[in-house]
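Participant: Handing over run11.cif, mmCIF, C-alpha atoms.
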data_structure
loop_
_atom_site.label_atom_id
_atom_site.label_comp_id
_atom_site.auth_asym_id
_atom_site.auth_seq_id
_atom_site.Cartn_x
_atom_site.Cartn_y
_atom_site.Cartn_z
CA MET A 1 9.56 1.02 5.72
CA ASP A 2 11.24 -1.35 3.27
CA THR A 3 9.32 -2.61 0.25
CA ALA A 4 8.91 -6.14 1.62
CA THR A 5 6.90 -5.03 4.65
CA ARG A 6 4.74 -2.33 3.02
CA PRO A 7 1.06 -3.01 3.69
CA PRO A 8 -0.93 -3.42 0.45
CA VAL A 9 -3.04 -0.43 -0.60
CA GLU A 10 -6.29 -2.44 -0.22
CA GLN A 11 -5.38 -2.88 3.45
CA ILE A 12 -4.66 0.83 3.78
CA ARG A 13 -7.96 1.70 2.13
CA SER A 14 -9.80 -0.39 4.73
CA TRP A 15 -7.95 1.51 7.48
CA LEU A 16 -8.99 4.84 5.99
CA ASP A 17 -12.54 3.51 5.78
CA GLN A 18 -12.49 3.65 9.59
CA VAL A 19 -11.53 7.34 9.69
CA PRO A 20 -14.68 9.43 10.20
CA ASP A 21 -15.40 12.65 8.34
CA PRO A 22 -14.82 15.38 10.97
CA GLU A 23 -18.12 17.17 10.30
CA ILE A 24 -20.37 14.19 9.55
CA PRO A 25 -18.69 11.47 11.65
CA VAL A 26 -21.21 8.80 10.63
CA ILE A 27 -19.48 8.39 7.26
CA SER A 28 -15.84 7.66 6.56
CA LEU A 29 -13.41 9.50 4.32
CA VAL A 30 -13.61 6.54 1.91
CA ASP A 31 -17.44 6.70 1.90
CA LEU A 32 -17.21 10.38 1.06
CA GLY A 33 -15.22 9.56 -2.07
CA ILE A 34 -12.39 12.02 -1.48
CA ILE A 35 -9.57 9.44 -1.30
CA ARG A 36 -8.76 9.28 -5.01
CA ASP A 37 -5.57 7.26 -5.03
CA LEU A 38 -3.20 5.35 -2.77
CA ALA A 39 0.26 4.44 -4.02
CA TRP A 40 3.66 3.55 -2.65
CA GLU A 41 6.62 5.55 -3.89
CA GLY A 42 9.60 3.82 -2.30
CA ASP A 43 9.02 3.99 1.45
CA THR A 44 6.52 6.84 1.15
CA LEU A 45 2.78 6.33 0.91
CA VAL A 46 1.22 8.90 -1.41
CA VAL A 47 -2.43 9.67 -0.60
CA THR A 48 -4.26 11.70 -3.26
CA VAL A 49 -7.19 13.67 -1.88
CA THR A 50 -9.80 15.72 -3.78
CA PRO A 51 -11.40 18.44 -1.62
CA THR A 52 -15.19 18.66 -1.38
CA TYR A 53 -15.63 22.46 -1.32
CA SER A 54 -12.90 25.05 -1.93
CA GLY A 55 -13.47 26.68 1.44
CA CYS A 56 -14.46 23.61 3.45
CA PRO A 57 -12.91 24.23 6.89
CA ALA A 58 -12.69 20.48 7.45
CA THR A 59 -10.01 20.06 4.77
CA ALA A 60 -7.06 20.77 7.07
CA VAL A 61 -8.53 18.50 9.76
CA ILE A 62 -9.10 15.72 7.22
CA ASN A 63 -5.44 15.85 6.16
CA LEU A 64 -4.34 15.66 9.78
CA GLU A 65 -6.66 12.71 10.48
CA ILE A 66 -5.32 10.79 7.49
CA GLU A 67 -1.75 11.29 8.65
CA ASN A 68 -2.56 10.37 12.24
CA ALA A 69 -4.45 7.23 11.23
CA LEU A 70 -1.64 6.01 8.99
CA HIS A 71 1.10 6.85 11.48
CA ALA A 72 -0.83 4.87 14.10
CA ARG A 73 -0.71 1.88 11.73
CA GLY A 74 3.04 2.15 11.51
CA ILE A 75 3.37 4.01 8.21
CA ALA A 76 6.02 6.60 8.99
CA ARG A 77 6.20 8.48 5.71
CA VAL A 78 2.92 9.82 4.31
CA GLU A 79 2.63 12.40 1.57
CA LEU A 80 -0.71 14.07 0.85
CA ARG A 81 -1.35 15.31 -2.66
CA ARG A 82 -4.26 17.56 -3.58
CA ARG A 83 -6.03 16.77 -6.84
CA LEU A 84 -8.56 19.40 -7.99
CA SER A 85 -9.54 17.89 -11.33
CA PRO A 86 -11.83 16.07 -11.88
CA ALA A 87 -13.71 18.06 -9.25
CA TRP A 88 -15.33 16.14 -6.41
CA THR A 89 -18.97 15.25 -6.96
CA THR A 90 -21.55 13.78 -4.61
CA ASP A 91 -21.91 10.94 -7.15
CA TRP A 92 -18.67 9.63 -5.60
CA ILE A 93 -20.33 9.03 -2.21
CA SER A 94 -20.55 5.26 -1.76
CA ASP A 95 -23.83 3.34 -1.42
CA ALA A 96 -22.78 2.43 2.12
CA GLY A 97 -22.19 6.14 2.78
CA ARG A 98 -25.64 7.03 1.48
CA ARG A 99 -27.28 4.47 3.78
CA LYS A 100 -25.31 5.75 6.76
CA LEU A 101 -26.32 9.37 6.03
CA GLN A 102 -29.98 8.34 5.81
CA GLY A 103 -29.79 6.48 9.12
CA TYR A 104 -28.15 9.52 10.73
CA GLY A 105 -31.04 11.81 9.68
CA ILE A 106 -29.34 13.49 6.70
CA ALA A 107 -31.09 12.95 3.37
CA PRO A 108 -28.40 11.66 0.98
CA PRO A 109 -27.85 13.40 -2.36
CA VAL A 110 -30.34 12.19 -4.93
CA ALA A 111 -28.26 9.71 -6.98
CA GLY A 112 -27.09 10.79 -10.40
CA THR A 113 -28.18 14.40 -9.94
CA ALA A 114 -24.75 15.97 -9.48
CA GLY A 115 -24.90 19.27 -11.28
CA CYS A 116 -28.68 19.36 -11.08
CA ASN A 117 -28.60 22.86 -9.63
CA LEU A 118 -26.22 24.25 -12.20
CA GLY A 119 -28.07 26.69 -14.37
CA GLY A 120 -31.15 27.01 -12.20
CA ASP A 121 -32.99 23.75 -12.90
CA ALA A 122 -35.69 22.70 -10.47
CA ALA A 123 -34.41 21.11 -7.27
CA PRO A 124 -34.75 17.28 -7.09
CA THR A 125 -37.42 15.54 -5.02
CA VAL A 126 -35.87 14.80 -1.63
CA ALA A 127 -37.34 12.16 0.67
CA CYS A 128 -37.60 12.92 4.39
CA PRO A 129 -34.99 10.79 6.22
CA HIS A 130 -37.35 10.46 9.21
CA CYS A 131 -40.70 9.37 7.72
CA GLY A 132 -39.84 8.76 4.05
CA SER A 133 -42.38 11.26 2.71
CA THR A 134 -41.49 13.12 -0.45
CA ALA A 135 -43.70 16.05 0.58
CA THR A 136 -40.68 18.17 1.52
CA ARG A 137 -39.79 21.80 1.06
CA LEU A 138 -36.47 23.58 0.59
CA VAL A 139 -35.94 26.09 3.42
CA SER A 140 -32.47 27.29 2.41
CA GLN A 141 -29.87 26.27 -0.20
CA PHE A 142 -27.24 26.61 2.51
CA GLY A 143 -27.43 24.57 5.71
CA SER A 144 -25.25 23.88 8.73
CA THR A 145 -22.19 23.07 6.59
CA PRO A 146 -21.30 24.09 3.00
CA CYS A 147 -22.33 20.64 1.70
CA LYS A 148 -25.86 20.66 3.09
CA ALA A 149 -29.16 22.43 2.42
CA ALA A 150 -31.95 22.93 4.96
CA TYR A 151 -35.29 21.17 4.24
CA ARG A 152 -38.55 20.64 6.07
CA CYS A 153 -40.95 17.70 5.78
CA THR A 154 -44.55 18.89 5.38
CA ASP A 155 -45.95 15.51 6.55
CA CYS A 156 -44.06 14.79 9.78
CA LEU A 157 -43.10 18.50 10.09
CA GLU A 158 -39.49 17.68 11.04
CA PRO A 159 -36.70 19.87 9.69
CA PHE A 160 -33.75 17.96 8.24
CA ASP A 161 -30.45 18.42 6.42
CA TYR A 162 -30.09 17.43 2.79
CA PHE A 163 -26.62 16.58 1.50
CA LYS A 164 -27.01 18.60 -1.68
CA CYS A 165 -25.88 17.30 -5.03
CA HIS A 166 -22.69 18.90 -6.24
CA MET B 1 -23.94 28.71 -20.00
CA ALA B 2 -22.53 28.82 -23.47
CA ALA B 3 -19.33 30.89 -23.37
CA THR B 4 -16.25 28.76 -23.75
CA ALA B 5 -12.62 29.66 -24.05
CA PRO B 6 -11.55 29.55 -27.70
CA ALA B 7 -9.97 26.31 -28.87
CA ALA B 8 -6.31 25.74 -28.05
CA HIS B 9 -4.13 28.20 -29.85
CA PRO B 10 -0.37 28.17 -30.41
CA ALA B 11 0.08 31.48 -28.57
CA THR B 12 1.40 31.04 -25.06
CA VAL B 13 0.79 33.39 -22.18
CA PRO B 14 3.79 34.94 -20.40
CA GLY B 15 4.11 33.98 -16.75
CA GLU B 16 3.58 37.54 -15.54
CA THR B 17 0.29 37.76 -17.45
CA LEU B 18 -0.93 34.53 -15.85
CA PHE B 19 0.20 35.84 -12.46
CA GLU B 20 -1.76 39.06 -12.94
CA TYR B 21 -4.85 37.15 -14.05
CA ALA B 22 -4.73 34.71 -11.11
CA LEU B 23 -4.20 37.65 -8.74
CA ARG B 24 -7.35 39.37 -10.03
CA LEU B 25 -9.46 36.25 -9.58
CA GLY B 26 -8.02 35.72 -6.11
CA ASP B 27 -8.53 39.33 -5.04
CA ASN B 28 -12.15 39.35 -6.22
CA GLY B 29 -12.87 36.27 -4.11
CA LEU B 30 -10.92 37.50 -1.10
CA ILE B 31 -12.40 41.00 -0.96
CA LEU B 32 -16.00 39.95 -1.67
CA GLY B 33 -15.61 37.00 0.72
CA HIS B 34 -14.42 39.35 3.45
CA ARG B 35 -17.25 41.81 2.79
CA VAL B 36 -19.89 39.08 2.92
CA SER B 37 -18.35 37.66 6.10
CA GLU B 38 -19.08 41.00 7.79
CA TRP B 39 -22.73 39.85 7.93
CA CYS B 40 -21.87 36.86 10.08
CA GLY B 41 -23.99 37.04 13.23
CA VAL B 42 -25.97 40.14 12.22
CA SER B 43 -28.07 39.00 9.22
CA PRO B 44 -31.82 39.61 9.05
CA VAL B 45 -32.71 35.93 9.66
CA LEU B 46 -30.77 32.84 10.74
CA GLU B 47 -31.00 31.06 7.36
CA GLU B 48 -29.55 34.10 5.61
CA ASP B 49 -26.79 34.41 8.18
CA ILE B 50 -25.76 30.83 7.48
CA ALA B 51 -26.11 31.19 3.72
CA LEU B 52 -24.00 34.36 3.65
CA ALA B 53 -21.31 32.73 5.80
CA ASN B 54 -21.26 29.76 3.42
CA VAL B 55 -20.93 31.99 0.36
CA ALA B 56 -18.12 33.91 2.05
CA LEU B 57 -16.39 30.62 2.88
CA ASP B 58 -16.59 29.43 -0.73
CA LEU B 59 -15.19 32.71 -2.02
CA ILE B 60 -12.33 32.79 0.48
CA GLY B 61 -11.58 29.12 -0.29
CA GLN B 62 -11.43 29.94 -4.00
CA ALA B 63 -9.22 32.94 -3.23
CA THR B 64 -6.82 30.61 -1.39
CA LEU B 65 -6.50 28.48 -4.53
CA TRP B 66 -6.10 31.44 -6.91
CA LEU B 67 -3.60 33.26 -4.71
CA GLY B 68 -1.70 30.00 -4.21
CA LEU B 69 -1.43 29.72 -7.99
CA ALA B 70 -0.43 33.39 -8.29
CA ALA B 71 2.30 32.90 -5.69
CA GLU B 72 3.60 29.87 -7.58
CA LEU B 73 3.56 31.73 -10.91
CA GLU B 74 5.32 34.73 -9.43
CA GLY B 75 8.09 32.49 -8.10
CA LYS B 76 9.45 35.04 -5.64
CA GLY B 77 8.83 32.97 -2.56
CA ARG B 78 5.68 34.84 -1.51
CA SER B 79 2.86 32.64 -0.18
CA ALA B 80 -0.90 33.04 -0.70
CA ASP B 81 -1.14 34.40 2.84
CA GLU B 82 1.55 36.99 2.18
CA LEU B 83 -0.28 38.11 -0.95
CA ALA B 84 -3.52 38.41 1.02
CA PHE B 85 -2.24 40.11 4.14
CA LEU B 86 0.86 42.08 3.22
CA ARG B 87 -0.15 44.07 0.15
CA ASP B 88 -1.53 47.61 0.42
CA ALA B 89 -4.60 48.86 -1.43
CA GLY B 90 -2.62 49.84 -4.53
CA GLY B 91 -1.45 46.26 -4.90
CA PHE B 92 -4.96 44.80 -5.02
CA ARG B 93 -6.46 43.92 -8.41
CA ASN B 94 -10.12 43.30 -7.50
CA LEU B 95 -13.06 44.95 -9.26
CA LEU B 96 -14.45 48.07 -7.59
CA LEU B 97 -17.86 46.38 -7.30
CA VAL B 98 -16.72 43.81 -4.73
CA GLU B 99 -15.18 46.32 -2.32
CA GLN B 100 -18.35 48.43 -2.04
CA PRO B 101 -19.79 48.46 1.50
CA ASN B 102 -22.55 46.05 2.50
CA GLY B 103 -25.12 48.80 3.05
CA ASP B 104 -28.51 47.24 3.73
CA PHE B 105 -29.46 43.68 2.80
CA ALA B 106 -30.69 44.81 -0.62
CA GLN B 107 -27.36 46.42 -1.44
CA THR B 108 -25.46 43.30 -0.37
CA LEU B 109 -27.72 41.18 -2.56
CA ALA B 110 -27.55 43.44 -5.62
CA ARG B 111 -23.74 43.43 -5.37
CA GLN B 112 -23.73 39.65 -5.01
CA TYR B 113 -26.13 39.10 -7.89
CA PHE B 114 -24.24 41.37 -10.31
CA PHE B 115 -21.02 39.56 -9.35
CA ASP B 116 -22.46 36.02 -9.49
CA ALA B 117 -24.04 36.65 -12.91
CA TRP B 118 -20.53 37.47 -14.15
CA HIS B 119 -18.54 35.02 -12.03
CA HIS B 120 -20.42 31.86 -12.92
CA PRO B 121 -20.22 32.08 -16.74
CA LEU B 122 -16.60 33.27 -16.46
CA LEU B 123 -15.60 30.27 -14.33
CA ALA B 124 -17.58 27.88 -16.53
CA ALA B 125 -15.59 29.13 -19.54
CA LEU B 126 -12.28 29.09 -17.62
CA ALA B 127 -12.89 25.40 -16.86
CA THR B 128 -11.89 24.78 -20.50
CA SER B 129 -8.89 27.13 -20.35
CA SER B 130 -5.78 26.12 -22.30
CA GLU B 131 -3.87 26.71 -19.06
CA PRO B 132 -4.53 23.55 -16.97
CA ARG B 133 -3.77 25.15 -13.60
CA ILE B 134 -6.47 27.73 -14.24
CA ALA B 135 -8.91 25.16 -15.64
CA GLU B 136 -8.76 22.86 -12.61
CA ILE B 137 -9.49 25.63 -10.09
CA ALA B 138 -12.27 27.05 -12.29
CA GLU B 139 -13.89 23.61 -12.69
CA LYS B 140 -14.19 23.32 -8.93
CA ALA B 141 -15.20 26.94 -8.29
CA SER B 142 -17.85 27.08 -11.03
CA LYS B 143 -19.92 24.43 -9.23
CA GLU B 144 -19.94 26.61 -6.12
CA ALA B 145 -20.67 29.79 -8.08
CA ALA B 146 -23.76 28.11 -9.60
CA TYR B 147 -25.25 27.79 -6.12
CA HIS B 148 -24.39 31.41 -5.35
CA LEU B 149 -26.09 32.64 -8.53
CA ASN B 150 -29.24 30.58 -7.90
CA ARG B 151 -29.54 32.04 -4.43
CA SER B 152 -28.81 35.69 -5.21
CA ARG B 153 -31.08 35.64 -8.29
CA ASP B 154 -33.92 34.13 -6.26
CA LEU B 155 -33.61 36.76 -3.53
CA VAL B 156 -33.41 39.69 -5.96
CA VAL B 157 -36.72 38.50 -7.44
CA ARG B 158 -38.35 37.94 -4.05
CA LEU B 159 -37.36 41.35 -2.72
CA GLY B 160 -37.91 43.22 -5.98
CA ASP B 161 -41.36 41.69 -6.42
CA GLY B 162 -42.06 41.93 -2.69
CA THR B 163 -43.41 44.74 -0.52
CA PRO B 164 -43.20 48.43 -1.52
CA GLU B 165 -40.40 48.78 1.05
CA SER B 166 -38.32 45.86 -0.27
CA HIS B 167 -38.99 46.86 -3.88
CA GLY B 168 -37.84 50.43 -3.23
CA ARG B 169 -34.66 49.32 -1.48
CA MET B 170 -33.85 46.79 -4.18
CA GLN B 171 -34.32 49.34 -6.96
CA ARG B 172 -32.17 51.90 -5.15
CA SER B 173 -29.39 49.31 -4.72
CA VAL B 174 -29.54 48.31 -8.39
CA ASP B 175 -29.33 51.98 -9.40
CA ASP B 176 -26.48 52.76 -6.96
CA LEU B 177 -24.31 49.79 -7.97
CA TRP B 178 -24.99 49.96 -11.71
CA PRO B 179 -22.01 52.28 -12.44
CA TYR B 180 -19.71 49.56 -11.04
CA THR B 181 -20.95 46.82 -13.40
CA GLY B 182 -19.29 48.19 -16.55
CA GLU B 183 -15.83 47.36 -15.18
CA LEU B 184 -16.72 43.64 -15.19
CA PHE B 185 -16.37 43.69 -18.97
CA LEU B 186 -13.58 46.20 -19.62
CA ALA B 187 -10.83 44.16 -21.26
CA ASP B 188 -7.26 45.36 -20.83
CA PRO B 189 -4.05 43.90 -22.36
CA VAL B 190 -3.99 41.10 -19.75
CA ASP B 191 -7.53 39.99 -20.65
CA GLU B 192 -6.74 40.27 -24.35
CA ALA B 193 -3.55 38.19 -24.11
CA MET B 194 -5.39 35.53 -22.11
CA ALA B 195 -8.27 35.37 -24.60
CA ALA B 196 -5.91 35.26 -27.59
CA ALA B 197 -4.20 32.19 -26.15
CA GLY B 198 -7.44 30.39 -25.33
CA ALA B 199 -6.60 30.72 -21.64
CA ALA B 200 -9.69 32.83 -20.86
CA PRO B 201 -12.94 33.75 -22.64
CA ALA B 202 -13.43 37.11 -24.35
CA LEU B 203 -15.17 39.42 -21.88
CA SER B 204 -17.58 40.46 -24.65
CA ASP B 205 -18.92 36.86 -24.63
CA ILE B 206 -19.42 37.01 -20.87
CA ARG B 207 -21.15 40.38 -21.24
CA ALA B 208 -23.76 38.90 -23.60
CA LEU B 209 -24.56 36.16 -21.07
CA TRP B 210 -24.63 38.65 -18.18
CA ASP B 211 -26.93 41.03 -20.06
CA ALA B 212 -29.45 38.29 -20.85
CA GLU B 213 -29.35 36.93 -17.31
CA VAL B 214 -29.67 40.31 -15.59
CA SER B 215 -32.37 41.66 -17.92
CA ALA B 216 -34.55 38.58 -17.40
CA THR B 217 -34.13 38.67 -13.62
CA LEU B 218 -34.78 42.41 -13.26
CA ALA B 219 -37.92 42.06 -15.38
CA GLN B 220 -39.13 39.16 -13.25
CA ALA B 221 -38.36 41.18 -10.12
CA THR B 222 -40.39 44.16 -11.49
CA LEU B 223 -37.22 46.24 -11.26
CA ARG B 224 -36.14 48.83 -13.81
CA ARG B 225 -32.86 48.20 -15.61
CA PRO B 226 -30.81 51.40 -15.39
CA GLU B 227 -29.72 53.18 -18.56
CA PRO B 228 -26.05 52.84 -19.55
CA GLY B 229 -24.05 55.65 -17.99
CA TYR B 230 -20.72 56.54 -16.43
CA VAL B 231 -18.51 53.50 -15.73
CA GLN B 232 -16.46 53.46 -12.51
CA LYS B 233 -13.16 51.72 -13.19
CA GLY B 234 -9.60 51.27 -11.96
CA GLY B 235 -9.64 48.19 -9.74
CA LYS B 236 -7.68 45.99 -12.14
CA ARG B 237 -4.75 48.42 -12.08
CA GLY B 238 -4.90 49.09 -8.34
CA VAL B 239 -6.86 52.36 -8.35
CA HIS B 240 -9.54 51.76 -5.73
CA SER B 241 -12.39 53.52 -3.98
CA GLU B 242 -11.83 54.85 -0.47
CA HIS B 243 -13.59 51.78 0.96
CA LEU B 244 -10.82 49.25 0.28
CA GLY B 245 -8.31 50.76 2.71
CA PHE B 246 -10.75 50.46 5.62
CA LEU B 247 -11.51 46.85 4.68
CA LEU B 248 -7.80 45.98 4.54
CA ALA B 249 -7.16 47.72 7.87
CA GLU B 250 -9.49 45.21 9.49
CA MET B 251 -8.65 42.14 7.39
CA GLN B 252 -4.89 42.55 7.65
CA PHE B 253 -4.68 43.81 11.24
CA LEU B 254 -3.47 40.59 12.83
CA GLN B 255 -0.65 39.92 10.37
CA ARG B 256 0.43 43.57 10.47
CA ALA B 257 0.43 43.75 14.27
CA TYR B 258 1.93 40.30 14.82
CA PRO B 259 3.95 39.51 11.69
CA GLY B 260 4.12 35.80 10.90
CA ALA B 261 1.53 34.84 13.53
CA ARG B 262 0.12 31.35 12.92
CA TRP B 263 -2.81 29.34 14.27
#
Could you spell out this file's structure in structure tokens?

Facilitator:
Amino acid sequence: MDTATRPPVEQIRSWLDQVPDPEIPVISLVDLGIIRDLAWEGDTLVVTVTPTYSGCPATAVINLEIENALHARGIARVELRRRLSPAWTTDWISDAGRRKLQGYGIAPPVAGTAGCNLGGDAAPTVACPHCGSTATRLVSQFGSTPCKAAYRCTDCLEPFDYFKCH
Amino acid sequence: MAATAPAAHPATVPGETLFEYALRLGDNGLILGHRVSEWCGVSPVLEEDIALANVALDLIGQATLWLGLAAELEGKGRSADELAFLRDAGGFRNLLLVEQPNGDFAQTLARQYFFDAWHHPLLAALATSSEPRIAEIAEKASKEAAYHLNRSRDLVVRLGDGTPESHGRMQRSVDDLWPYTGELFLADPVDEAMAAAGAAPALSDIRALWDAEVSATLAQATLRRPEPGYVQKGGKRGVHSEHLGFLLAEMQFLQRAYPGARW
């Protein structure tokens, strides 16, 4: 792809905003905050990605989905770079992403509390995504995926996932 | 957590020392991750099954990063997978604690808690390492280790201060695994070279944090802290208990039977 016909990175970002997270398909990779940088180096598009969890099994799938989405848009040469530092934090999840999680039945991470569980501080107050009550109880720190904890609402009695702050 | 690596120092660490250090961190994560994964599908309750699988996943993910770094530092063309699956027991550098069998749930938890109470402050200090490739992995891993420590500490207290049955099992596990905790803090020339260069904290600093953490938790759990005694050691130089060979026989089977097999 010669320099004159390279799509601008803003355009590419909007394409990646349509690529769903493989485990929580209601939010996009851009919503999740893991796409850290997009830059052209000659005819190669360099996509810098910060992983969520070290052992997240979705990481390999995410890389594949990025490549597939960009190839489908006509970008032949894509290079993925892993950036570990600064480490991913749930504070990078977009406001749109938080609203989508809520609508999907997953309580979004309580804003600004990344690191709240480091060192054993009390867990934040989490609102039930179904009825809005804050009378909720932690069932387990570890839920259906590494990024979620299991909660239960003591008002509407529904169990729900909480996207834990990290 | 207050231990930090000393401020940047002119001393540099030889590549083979960094390789050895990364290998130890990777092997601890890999072997404990594999052990914990043995609970998958057979835990006492569903929530614990999921939690243990998640902890195992974090540890194996961290091991992938550490062994990837070790492979790069070694520069002999070996990959992280080759380091994981093609070394024999004598080549592994993990602590003896992490290769101990799961036993009952109390033994698994005591092993996890003793490890987490060491792992988290170590990683937090390594996040300020003078060696950036170590710092960036530690920064990521320390956030995960904080969740592990919160969980294992909580369960040690609940079982220790639980029924007579759970209390008895928890105390027996603490007593049985205690001889393996001394090795967490035994510094050898690799640890000393790393600390001197500001690339890793002094293990004596980590010991002070571990002691305070473990004493407070055991007291809260109504468990007796064992007296100092004989220290089992050797893991860092490849001298292991009889349990590691059996673990490797299972973990490495596929790559040994079908060399180079890929997903």

Participant: Identify all chain B residues at most 12 Å from chain A by counting all atoms listed in the file; ligands do not count. Present them as number ranges by chain.

Facilitator: B: 1-2, 29-30, 33, 45-66, 116-117, 120-121, 124, 127-128, 132-155, 213, 263

Participant: Restricting it to C-alpha atoms, dump the selection as a PDB file, keeping the file's coordinate frame.

Facilitator:
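Final output, part_32.pdb:
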ATOM      1  CA  MET B   1     -23.940  28.710 -20.000  1.00  0.00           C
ATOM      2  CA  ALA B   2     -22.530  28.820 -23.470  1.00  0.00           C
ATOM      3  CA  GLY B  29     -12.870  36.270  -4.110  1.00  0.00           C
ATOM      4  CA  LEU B  30     -10.920  37.500  -1.100  1.00  0.00           C
ATOM      5  CA  GLY B  33     -15.610  37.000   0.720  1.00  0.00           C
ATOM      6  CA  VAL B  45     -32.710  35.930   9.660  1.00  0.00           C
ATOM      7  CA  LEU B  46     -30.770  32.840  10.740  1.00  0.00           C
ATOM      8  CA  GLU B  47     -31.000  31.060   7.360  1.00  0.00           C
ATOM      9  CA  GLU B  48     -29.550  34.100   5.610  1.00  0.00           C
ATOM     10  CA  ASP B  49     -26.790  34.410   8.180  1.00  0.00           C
ATOM     11  CA  ILE B  50     -25.760  30.830   7.480  1.00  0.00           C
ATOM     12  CA  ALA B  51     -26.110  31.190   3.720  1.00  0.00           C
ATOM     13  CA  LEU B  52     -24.000  34.360   3.650  1.00  0.00           C
ATOM     14  CA  ALA B  53     -21.310  32.730   5.800  1.00  0.00           C
ATOM     15  CA  ASN B  54     -21.260  29.760   3.420  1.00  0.00           C
ATOM     16  CA  VAL B  55     -20.930  31.990   0.360  1.00  0.00           C
ATOM     17  CA  ALA B  56     -18.120  33.910   2.050  1.00  0.00           C
ATOM     18  CA  LEU B  57     -16.390  30.620   2.880  1.00  0.00           C
ATOM     19  CA  ASP B  58     -16.590  29.430  -0.730  1.00  0.00           C
ATOM     20  CA  LEU B  59     -15.190  32.710  -2.020  1.00  0.00           C
ATOM     21  CA  ILE B  60     -12.330  32.790   0.480  1.00  0.00           C
ATOM     22  CA  GLY B  61     -11.580  29.120  -0.290  1.00  0.00           C
ATOM     23  CA  GLN B  62     -11.430  29.940  -4.000  1.00  0.00           C
ATOM     24  CA  ALA B  63      -9.220  32.940  -3.230  1.00  0.00           C
ATOM     25  CA  THR B  64      -6.820  30.610  -1.390  1.00  0.00           C
ATOM     26  CA  LEU B  65      -6.500  28.480  -4.530  1.00  0.00           C
ATOM     27  CA  TRP B  66      -6.100  31.440  -6.910  1.00  0.00           C
ATOM     28  CA  ASP B 116     -22.460  36.020  -9.490  1.00  0.00           C
ATOM     29  CA  ALA B 117     -24.040  36.650 -12.910  1.00  0.00           C
ATOM     30  CA  HIS B 120     -20.420  31.860 -12.920  1.00  0.00           C
ATOM     31  CA  PRO B 121     -20.220  32.080 -16.740  1.00  0.00           C
ATOM     32  CA  ALA B 124     -17.580  27.880 -16.530  1.00  0.00           C
ATOM     33  CA  ALA B 127     -12.890  25.400 -16.860  1.00  0.00           C
ATOM     34  CA  THR B 128     -11.890  24.780 -20.500  1.00  0.00           C
ATOM     35  CA  PRO B 132      -4.530  23.550 -16.970  1.00  0.00           C
ATOM     36  CA  ARG B 133      -3.770  25.150 -13.600  1.00  0.00           C
ATOM     37  CA  ILE B 134      -6.470  27.730 -14.240  1.00  0.00           C
ATOM     38  CA  ALA B 135      -8.910  25.160 -15.640  1.00  0.00           C
ATOM     39  CA  GLU B 136      -8.760  22.860 -12.610  1.00  0.00           C
ATOM     40  CA  ILE B 137      -9.490  25.630 -10.090  1.00  0.00           C
ATOM     41  CA  ALA B 138     -12.270  27.050 -12.290  1.00  0.00           C
ATOM     42  CA  GLU B 139     -13.890  23.610 -12.690  1.00  0.00           C
ATOM     43  CA  LYS B 140     -14.190  23.320  -8.930  1.00  0.00           C
ATOM     44  CA  ALA B 141     -15.200  26.940  -8.290  1.00  0.00           C
ATOM     45  CA  SER B 142     -17.850  27.080 -11.030  1.00  0.00           C
ATOM     46  CA  LYS B 143     -19.920  24.430  -9.230  1.00  0.00           C
ATOM     47  CA  GLU B 144     -19.940  26.610  -6.120  1.00  0.00           C
ATOM     48  CA  ALA B 145     -20.670  29.790  -8.080  1.00  0.00           C
ATOM     49  CA  ALA B 146     -23.760  28.110  -9.600  1.00  0.00           C
ATOM     50  CA  TYR B 147     -25.250  27.790  -6.120  1.00  0.00           C
ATOM     51  CA  HIS B 148     -24.390  31.410  -5.350  1.00  0.00           C
ATOM     52  CA  LEU B 149     -26.090  32.640  -8.530  1.00  0.00           C
ATOM     53  CA  ASN B 150     -29.240  30.580  -7.900  1.00  0.00           C
ATOM     54  CA  ARG B 151     -29.540  32.040  -4.430  1.00  0.00           C
ATOM     55  CA  SER B 152     -28.810  35.690  -5.210  1.00  0.00           C
ATOM     56  CA  ARG B 153     -31.080  35.640  -8.290  1.00  0.00           C
ATOM     57  CA  ASP B 154     -33.920  34.130  -6.260  1.00  0.00           C
ATOM     58  CA  LEU B 155     -33.610  36.760  -3.530  1.00  0.00           C
ATOM     59  CA  GLU B 213     -29.350  36.930 -17.310  1.00  0.00           C
ATOM     60  CA  TRP B 263      -2.810  29.340  14.270  1.00  0.00           C
TER      61      TRP B 263
END

Participant: For Leu218 (chain B), find every residue with an atom within 8 Å (counting only C-alpha atoms), except residues of its own chain fewer than 4 positions away, and show them as a ChimeraX atom specification.

Facilitator: /B:156-157,160,214,222-225

Participant: Can you tell me which residues surround region 25-34 of chain A at a distance of at most 6 Å, considering all atoms listed in the file, apart from same-chain residues fewer than 3 positions away, and format the answer as an NGL selection string?

Facilitator: :A and (17 or 19-22 or 49-50 or 92-94 or 97)

Participant: Of the residues A:Thr136, A:Glu23, A:Cys156, A:Gln11, which is the one nearest to Val61 (chain A), using only C-alpha atoms?

Facilitator: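 When distances to Val61 (chain A) are compared using only C-alpha atoms, the smallest one comes from A:Glu23.
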
Participant: Could you jot down the CA of Leu83 (chain B) to CA of Leu67 (chain B) separation for me, Å, one decimal place?

Facilitator: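 Between CA of Leu83 (chain B) and CA of Leu67 (chain B) the gap is 7.0 Å.
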
Participant: Give me, please, the distance in Å between CA of Val9 (chain A) and CA of Trp40 (chain A), quoted to one decimal.

Facilitator: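 Calculated distance between CA of Val9 (chain A) and CA of Trp40 (chain A) is 8.1 Å.
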